[in-house]
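Peer 1: Pasting a structure here, questions to come.
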Number of protein chains: 2
Amino acid sequence: MNAPVLANVKCSECPIRHRAVCSRCDTDELAVLEQIKMYRSFNAGDQVFWRGEPMDYVASIVSGVATLGKTLEDGRTQMVGLLLPSDFIGRPGRSEIEFDVTAVTDVTLCCFERQPFERLLLATPRISQRLVEITLDELDAARDWMLLLGRKTAREKIATFIKMLVQRNSVDDGITPALTLALTLTREEIANYLGLTLETVSRQLSALKSEGILTFSDRRHFRVTDLDALRAISGDDRDAAAL
Amino acid sequence: MNAPVLANVKCSECPIRHRAVCSRCDTDELAVLEQIKMYRSFNAGDQVFWRGEPMDYVASIVSGVATLGKTLEDGRTQMVGLLLPSDFIGRPGRSEIEFDVTAVTDVTLCCFERQPFERLLLATPRISQRLVEITLDELDAARDWMLLLGRKTAREKIATFIKMLVQRNSVDDGITPALTLALTLTREEIANYLGLTLETVSRQLSALKSEGILTFSDRRHFRVTDLDALRAISGDDRDAAAL
DNA sequence: GGTCAAACTTGACCCAGATCAAAGAAGCCA
DNA sequence: TGGCTTCTTTGATCTGGGTCAAGTTTGACC
């Protein structure tokens, strides 16, 4: 990892202060973190970590979007994680990761050297408690994703994906879904996310558009015109029950 | 959860003592766990936990095999986790889980009430440290599984699955792979695990058999006759490199 | 040892989505 | 403004694995 080191932002003014691995820390604990943390930035498209490369840091995403990707011997790839601000990268207790991390947009990371961080983890229950939570949340997400990859049709996959974008977009408010969305991912990246080909993604998006469920302003920006239809299509029984 | 409560086994004699969430604990910490733990047993086929049901316990698997399953509104199901001895069930900090837990064989659990366990977690870094590790391992496994579900062919899925059985079977020794295997899962459960139908599983197993890669003694017991072929088929580049 | 149900195998057919191919948009920079 | 490249759409065709439908094997229980 030889990305430019940036001037640190004070923890107290950090945009992910309330959600990241440090969110439960008190002022004293933050002071310790403040001393060992180090901001680094990456450009869109940069490889952040390589699979198998020794990894001397763990990090939180401060801003931007990154993906975790896995590859088969013949080059087929599958995205296995989507990292958003406050998400955590790294494996305390192990120096290698089993996937590549790629910046989709420009990304800023808050990095800690792995070994000091591990010591801190043992000494600071509030950090390890939060890390358990974050990891279990990620595991829940991974399991939803497994259901999608294993059993959903292309149409259901796309509907589920857009539903997820709406949810993510709405977290601030929590009540009114924000229905105007921007795709940070290309068709190919979406395909990679959903276990499809880019042609199928394109066709399914066109279908939803021609059915009047989505309205595109340009290729990367659209509005969800019929969220209920989207929910019905996604195949999740939780949504079906809510209708 | 109203399964029969069994007589507890002493932690010091517990078969999962060295791998479960308690594995790092010292004698004093074990003494505390000893007081609040409670063995429970389930029969093969029993539902251990239901999705959405309030869950007042967390637990470690002491013996047996259980699965985590998710279901779509029309009944399609996908297995999203396979629990073996020393694996952990539950979500500190939340009282519901997002999937059903089913006993595949007879199962014994070592249960803790959730709230006391959560307090213990904060007070005992050695437990939370181990829980982070276990959860991150599970996340790694989930991501391998996502690659399988999203991108592998039926043949590759079956080969990967059997490879995994061999690995799991060999942990004791660590060097010589144990090539004689027993399937605890039915064809339907395997299909459920791999995102296939039971017919496809049956056909692929028959194919591997007729190619001389597997030799069946009966429907549930077979020998891996050609592990290298299996590795080559699985599509993982790690194995390809090793050849 | 006969009956029944559950688990498994095998075949015939079909379709969702992959693959192959070509032709628009859109951005970029010289 | 024109010529790149990258992204996207749309069409035509092919195929892996799903679906439907018999059978066969196995084991459990009377």
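Each chain in the structure tokens gets a letter, A, B and so on, in the order shown; residues start at 1 in every chain, and ligands are counted from 1 in the order they appear.
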Against chain A, which residues of chain D fall within 10 Å? For each one I want the closest pair of atoms and the distance in Å (one decimal), counting only C-alpha atoms (C1' of nucleotides), rows by chain and increasing residue number, as a tab-separated table.
Peer 2:
```
residue	atom	partner	partner_atom	distance
D:DC7	C1'	A:Thr186	CA	7.7
D:DT8	C1'	A:Ser202	CA	7.5
D:DT9	C1'	A:Ser202	CA	7.0
D:DT10	C1'	A:Arg203	CA	8.3
```
Peer 1: Per residue of chain C within 12 Å of region 13-21 of chain D, record the nearest atom pair and its distance in Å to one decimal, counting only C-alpha atoms (C1' of nucleotides), with rows in chain order and ascending residue number, as CSV.
Peer 2:
```
residue,atom,partner,partner_atom,distance
C:DT10,C1',D:DA21,C1',10.5
C:DG11,C1',D:DA21,C1',8.8
C:DA12,C1',D:DA21,C1',8.8
C:DC13,C1',D:DC20,C1',8.5
C:DC14,C1',D:DT19,C1',8.0
C:DC15,C1',D:DG18,C1',8.4
C:DA16,C1',D:DG18,C1',9.4
C:DG17,C1',D:DT15,C1',9.7
C:DA18,C1',D:DT15,C1',8.1
C:DT19,C1',D:DC14,C1',7.6
C:DC20,C1',D:DT13,C1',8.1
C:DA21,C1',D:DT13,C1',10.4
```
Peer 1: As an MDAnalysis selection string, please: all residues of region 147-207 of chain A that backbone DSSP puts in alpha helix (DSSP H).
Peer 2: chainID A and resid 147:151 154:170 187:194 198:207
Peer 1: What separation in Å, quoted to one decimal, exists between CA of Ala182 (chain A) and CA of Val104 (chain A)?
Peer 2: 13.7 Å
Peer 1: Counting only C-alpha atoms, collect the residues of chain B whose closest atom lies at most 9 Å from chain A, and write them out as a ChimeraX atom specification.
Peer 2: /B:69-74,76-81,91-93,97-99,121-126,128-129,131-133,135-136,138-140,142-152,192-196,235-241
Peer 1: Take the residues that were just selected and, keeping C-alpha atoms, output them as a short mmCIF file (atom, residue, chain, number, x, y, z; two decimals), in the first residue's frame.
Peer 2:
```cif
data_model
loop_
_atom_site.label_atom_id
_atom_site.label_comp_id
_atom_site.auth_asym_id
_atom_site.auth_seq_id
_atom_site.Cartn_x
_atom_site.Cartn_y
_atom_site.Cartn_z
CA GLY B 69 -31.39 -21.79 5.57
CA LYS B 70 -33.13 -18.91 3.83
CA THR B 71 -36.38 -19.05 1.89
CA LEU B 72 -37.98 -16.96 -0.87
CA GLU B 73 -41.69 -16.20 -0.90
CA ASP B 74 -42.46 -19.02 -3.35
CA ARG B 76 -37.21 -21.75 -3.12
CA THR B 77 -34.57 -22.24 -0.46
CA GLN B 78 -30.84 -21.69 -0.20
CA MET B 79 -28.59 -22.98 2.52
CA VAL B 80 -26.39 -20.10 3.72
CA GLY B 81 -24.34 -21.79 6.42
CA ARG B 91 -26.15 -12.45 17.46
CA PRO B 92 -24.93 -10.59 20.51
CA GLY B 93 -26.76 -7.28 20.42
CA ILE B 97 -31.78 -14.07 13.43
CA GLU B 98 -32.51 -13.84 9.71
CA PHE B 99 -32.59 -17.54 8.89
CA LEU B 121 -18.31 -10.38 26.20
CA LEU B 122 -17.59 -6.83 27.31
CA ALA B 123 -15.79 -7.94 30.44
CA THR B 124 -13.73 -10.72 28.86
CA PRO B 125 -11.61 -9.60 25.89
CA ARG B 126 -10.44 -13.17 25.33
CA SER B 128 -14.75 -11.28 22.22
CA GLN B 129 -11.38 -11.62 20.51
CA LEU B 131 -15.68 -14.35 18.59
CA VAL B 132 -14.25 -11.80 16.15
CA GLU B 133 -11.99 -14.51 14.74
CA THR B 135 -17.02 -14.54 12.73
CA LEU B 136 -14.32 -13.40 10.31
CA GLU B 138 -17.25 -17.52 8.70
CA LEU B 139 -17.25 -14.39 6.56
CA ASP B 140 -14.31 -15.74 4.55
CA ALA B 142 -19.31 -17.09 3.01
CA ARG B 143 -17.31 -15.21 0.39
CA ASP B 144 -15.83 -18.36 -1.11
CA TRP B 145 -19.33 -19.69 -1.22
CA MET B 146 -20.56 -16.55 -3.01
CA LEU B 147 -17.97 -17.09 -5.74
CA LEU B 148 -19.20 -20.66 -6.05
CA LEU B 149 -22.88 -19.70 -6.19
CA GLY B 150 -22.37 -16.79 -8.57
CA ARG B 151 -19.86 -18.11 -11.07
CA LYS B 152 -19.20 -21.84 -10.90
CA ASN B 192 -29.68 -26.64 -1.52
CA TYR B 193 -26.14 -25.96 -0.43
CA LEU B 194 -24.82 -25.48 -3.97
CA GLY B 195 -27.69 -23.60 -5.58
CA LEU B 196 -28.61 -26.55 -7.83
CA GLY B 235 -11.85 -24.03 -10.93
CA ASP B 236 -10.01 -22.41 -8.01
CA ASP B 237 -6.75 -20.84 -9.13
CA ARG B 238 -5.07 -21.61 -5.83
CA ASP B 239 -5.34 -25.31 -6.62
CA ALA B 240 -4.43 -24.84 -10.26
CA ALA B 241 -1.21 -23.15 -9.18
#
```
Peer 1: Only residues of chain C matter here; which ones have an atom within 9 Å of chain B, counting only C-alpha atoms (C1' of nucleotides)? Give them as number ranges by chain.
Peer 2: C: 7-10
Peer 1: Report, in Å with one decimal, the straight-line distance from CA of Leu205 (chain B) to CA of Thr67 (chain B).
Peer 2: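 Between CA of Leu205 (chain B) and CA of Thr67 (chain B) the gap is 21.7 Å.
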Peer 1: Quick one, how far is CA of Ile162 (chain B) from CA of Phe222 (chain B)?
Peer 2: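 According to the coordinates, CA of Ile162 (chain B) and CA of Phe222 (chain B) are separated by 10.5 Å.
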Peer 1: Name the residues of chain B that fall into strand (DSSP E or B) according to DSSP on the backbone, using the chain letters and numbers of this document, as an MDAnalysis selection string.
Peer 2: chainID B and resid 5:6 38:42 47:49 57:63 66:71 77:83 88:89 100:103 107:113 180:182 214:218 221:224
Peer 1: What does the file look like for those residues with C-alpha atoms, as a PDB file, in the first residue's frame?
Peer 2:
```pdb
ATOM      1  CA  VAL B   5     -31.653 -30.007  28.865  1.00  0.00           C
ATOM      2  CA  LEU B   6     -28.793 -32.442  29.334  1.00  0.00           C
ATOM      3  CA  MET B  38     -26.610 -25.272  29.632  1.00  0.00           C
ATOM      4  CA  TYR B  39     -26.483 -28.252  27.295  1.00  0.00           C
ATOM      5  CA  ARG B  40     -29.449 -28.947  25.044  1.00  0.00           C
ATOM      6  CA  SER B  41     -29.972 -31.632  22.462  1.00  0.00           C
ATOM      7  CA  PHE B  42     -31.974 -31.896  19.250  1.00  0.00           C
ATOM      8  CA  GLN B  47     -35.792 -27.023  13.810  1.00  0.00           C
ATOM      9  CA  VAL B  48     -33.342 -25.448  16.281  1.00  0.00           C
ATOM     10  CA  PHE B  49     -34.267 -21.804  15.746  1.00  0.00           C
ATOM     11  CA  TYR B  57     -29.769 -17.742  23.729  1.00  0.00           C
ATOM     12  CA  VAL B  58     -26.500 -17.912  21.926  1.00  0.00           C
ATOM     13  CA  ALA B  59     -24.831 -21.301  21.546  1.00  0.00           C
ATOM     14  CA  SER B  60     -21.871 -23.325  20.389  1.00  0.00           C
ATOM     15  CA  ILE B  61     -22.309 -26.596  18.535  1.00  0.00           C
ATOM     16  CA  VAL B  62     -20.799 -29.353  20.676  1.00  0.00           C
ATOM     17  CA  SER B  63     -21.594 -32.225  18.333  1.00  0.00           C
ATOM     18  CA  ALA B  66     -26.828 -28.044  11.541  1.00  0.00           C
ATOM     19  CA  THR B  67     -27.683 -25.797   8.607  1.00  0.00           C
ATOM     20  CA  LEU B  68     -28.695 -22.177   8.199  1.00  0.00           C
ATOM     21  CA  GLY B  69     -31.385 -21.789   5.570  1.00  0.00           C
ATOM     22  CA  LYS B  70     -33.130 -18.906   3.833  1.00  0.00           C
ATOM     23  CA  THR B  71     -36.382 -19.050   1.891  1.00  0.00           C
ATOM     24  CA  THR B  77     -34.568 -22.239  -0.461  1.00  0.00           C
ATOM     25  CA  GLN B  78     -30.842 -21.686  -0.200  1.00  0.00           C
ATOM     26  CA  MET B  79     -28.588 -22.980   2.521  1.00  0.00           C
ATOM     27  CA  VAL B  80     -26.385 -20.102   3.722  1.00  0.00           C
ATOM     28  CA  GLY B  81     -24.345 -21.793   6.419  1.00  0.00           C
ATOM     29  CA  LEU B  82     -23.238 -25.211   7.551  1.00  0.00           C
ATOM     30  CA  LEU B  83     -22.582 -25.446  11.280  1.00  0.00           C
ATOM     31  CA  PHE B  88     -21.241 -20.362  17.030  1.00  0.00           C
ATOM     32  CA  ILE B  89     -24.946 -19.505  16.645  1.00  0.00           C
ATOM     33  CA  ASP B 100     -33.777 -20.910  10.115  1.00  0.00           C
ATOM     34  CA  VAL B 101     -31.403 -23.242  11.915  1.00  0.00           C
ATOM     35  CA  THR B 102     -32.088 -26.948  11.321  1.00  0.00           C
ATOM     36  CA  ALA B 103     -30.418 -30.001  12.834  1.00  0.00           C
ATOM     37  CA  VAL B 107     -27.116 -32.105  17.670  1.00  0.00           C
ATOM     38  CA  THR B 108     -25.906 -31.031  21.105  1.00  0.00           C
ATOM     39  CA  LEU B 109     -25.588 -27.327  21.862  1.00  0.00           C
ATOM     40  CA  CYS B 110     -23.799 -25.528  24.660  1.00  0.00           C
ATOM     41  CA  CYS B 111     -26.166 -22.605  25.316  1.00  0.00           C
ATOM     42  CA  PHE B 112     -25.768 -19.323  27.153  1.00  0.00           C
ATOM     43  CA  GLU B 113     -28.511 -16.839  27.906  1.00  0.00           C
ATOM     44  CA  THR B 180     -12.923 -42.009   2.394  1.00  0.00           C
ATOM     45  CA  LEU B 181     -15.958 -39.867   3.006  1.00  0.00           C
ATOM     46  CA  ALA B 182     -19.478 -40.085   4.356  1.00  0.00           C
ATOM     47  CA  LEU B 214     -15.068 -41.128  -7.149  1.00  0.00           C
ATOM     48  CA  THR B 215     -15.792 -44.719  -6.088  1.00  0.00           C
ATOM     49  CA  PHE B 216     -19.042 -45.293  -4.223  1.00  0.00           C
ATOM     50  CA  SER B 217     -19.445 -48.127  -1.720  1.00  0.00           C
ATOM     51  CA  ASP B 218     -23.060 -47.168  -1.138  1.00  0.00           C
ATOM     52  CA  HIS B 221     -20.161 -43.483   1.301  1.00  0.00           C
ATOM     53  CA  PHE B 222     -17.442 -43.092  -1.294  1.00  0.00           C
ATOM     54  CA  ARG B 223     -13.737 -42.711  -1.841  1.00  0.00           C
ATOM     55  CA  VAL B 224     -11.937 -39.957  -3.733  1.00  0.00           C
TER      56      VAL B 224
END
```
Peer 1: Can you tell me which residues surround Gly212 (chain A) at a distance of at most 9 Å, considering only C-alpha atoms (C1' of nucleotides), apart from same-chain residues fewer than 5 positions away, and format the answer as a PyMOL selection string?
Peer 2: chain A and resi 207+224-226
Peer 1: Any idea what's packed within 12 Å of DG2 (chain C), counting only C-alpha atoms (C1' of nucleotides), ignoring anything in its chain fewer than 2 positions away? Could you give it as a VMD selection string?
Peer 2: (chain C and resid 4) or (chain D and resid 29 to 30)
Peer 1: Take the residues from that selection and put them in a file with N, CA and C atoms (P, O5', C5', C4', C3', O3' and C1' of nucleotides), as a PDB file, in the first residue's frame.
Peer 2:
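So result_3.pdb came out as:
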```pdb
ATOM      1  P    DC C   4     -49.085 -50.780   0.949  1.00  0.00           P
ATOM      2  O5'  DC C   4     -48.339 -49.471   1.482  1.00  0.00           O
ATOM      3  C5'  DC C   4     -47.976 -49.356   2.864  1.00  0.00           C
ATOM      4  C4'  DC C   4     -46.845 -48.356   2.990  1.00  0.00           C
ATOM      5  C3'  DC C   4     -46.888 -47.244   1.934  1.00  0.00           C
ATOM      6  O3'  DC C   4     -46.997 -45.991   2.588  1.00  0.00           O
ATOM      7  C1'  DC C   4     -44.703 -48.197   2.119  1.00  0.00           C
TER       8       DC C   4
ATOM      9  P    DC D  29     -38.697 -47.237  12.309  1.00  0.00           P
ATOM     10  O5'  DC D  29     -40.233 -47.625  12.239  1.00  0.00           O
ATOM     11  C5'  DC D  29     -40.999 -47.381  11.052  1.00  0.00           C
ATOM     12  C4'  DC D  29     -42.065 -48.448  10.904  1.00  0.00           C
ATOM     13  C3'  DC D  29     -42.366 -49.242  12.183  1.00  0.00           C
ATOM     14  O3'  DC D  29     -43.771 -49.387  12.313  1.00  0.00           O
ATOM     15  C1'  DC D  29     -41.876 -50.725  10.438  1.00  0.00           C
ATOM     16  P    DC D  30     -44.417 -49.731  13.692  1.00  0.00           P
ATOM     17  O5'  DC D  30     -45.376 -50.956  13.338  1.00  0.00           O
ATOM     18  C5'  DC D  30     -46.475 -50.719  12.473  1.00  0.00           C
ATOM     19  C4'  DC D  30     -46.747 -51.938  11.615  1.00  0.00           C
ATOM     20  C3'  DC D  30     -47.393 -53.112  12.351  1.00  0.00           C
ATOM     21  O3'  DC D  30     -48.668 -53.328  11.778  1.00  0.00           O
ATOM     22  C1'  DC D  30     -45.643 -53.856  10.913  1.00  0.00           C
TER      23       DC D  30
END
```
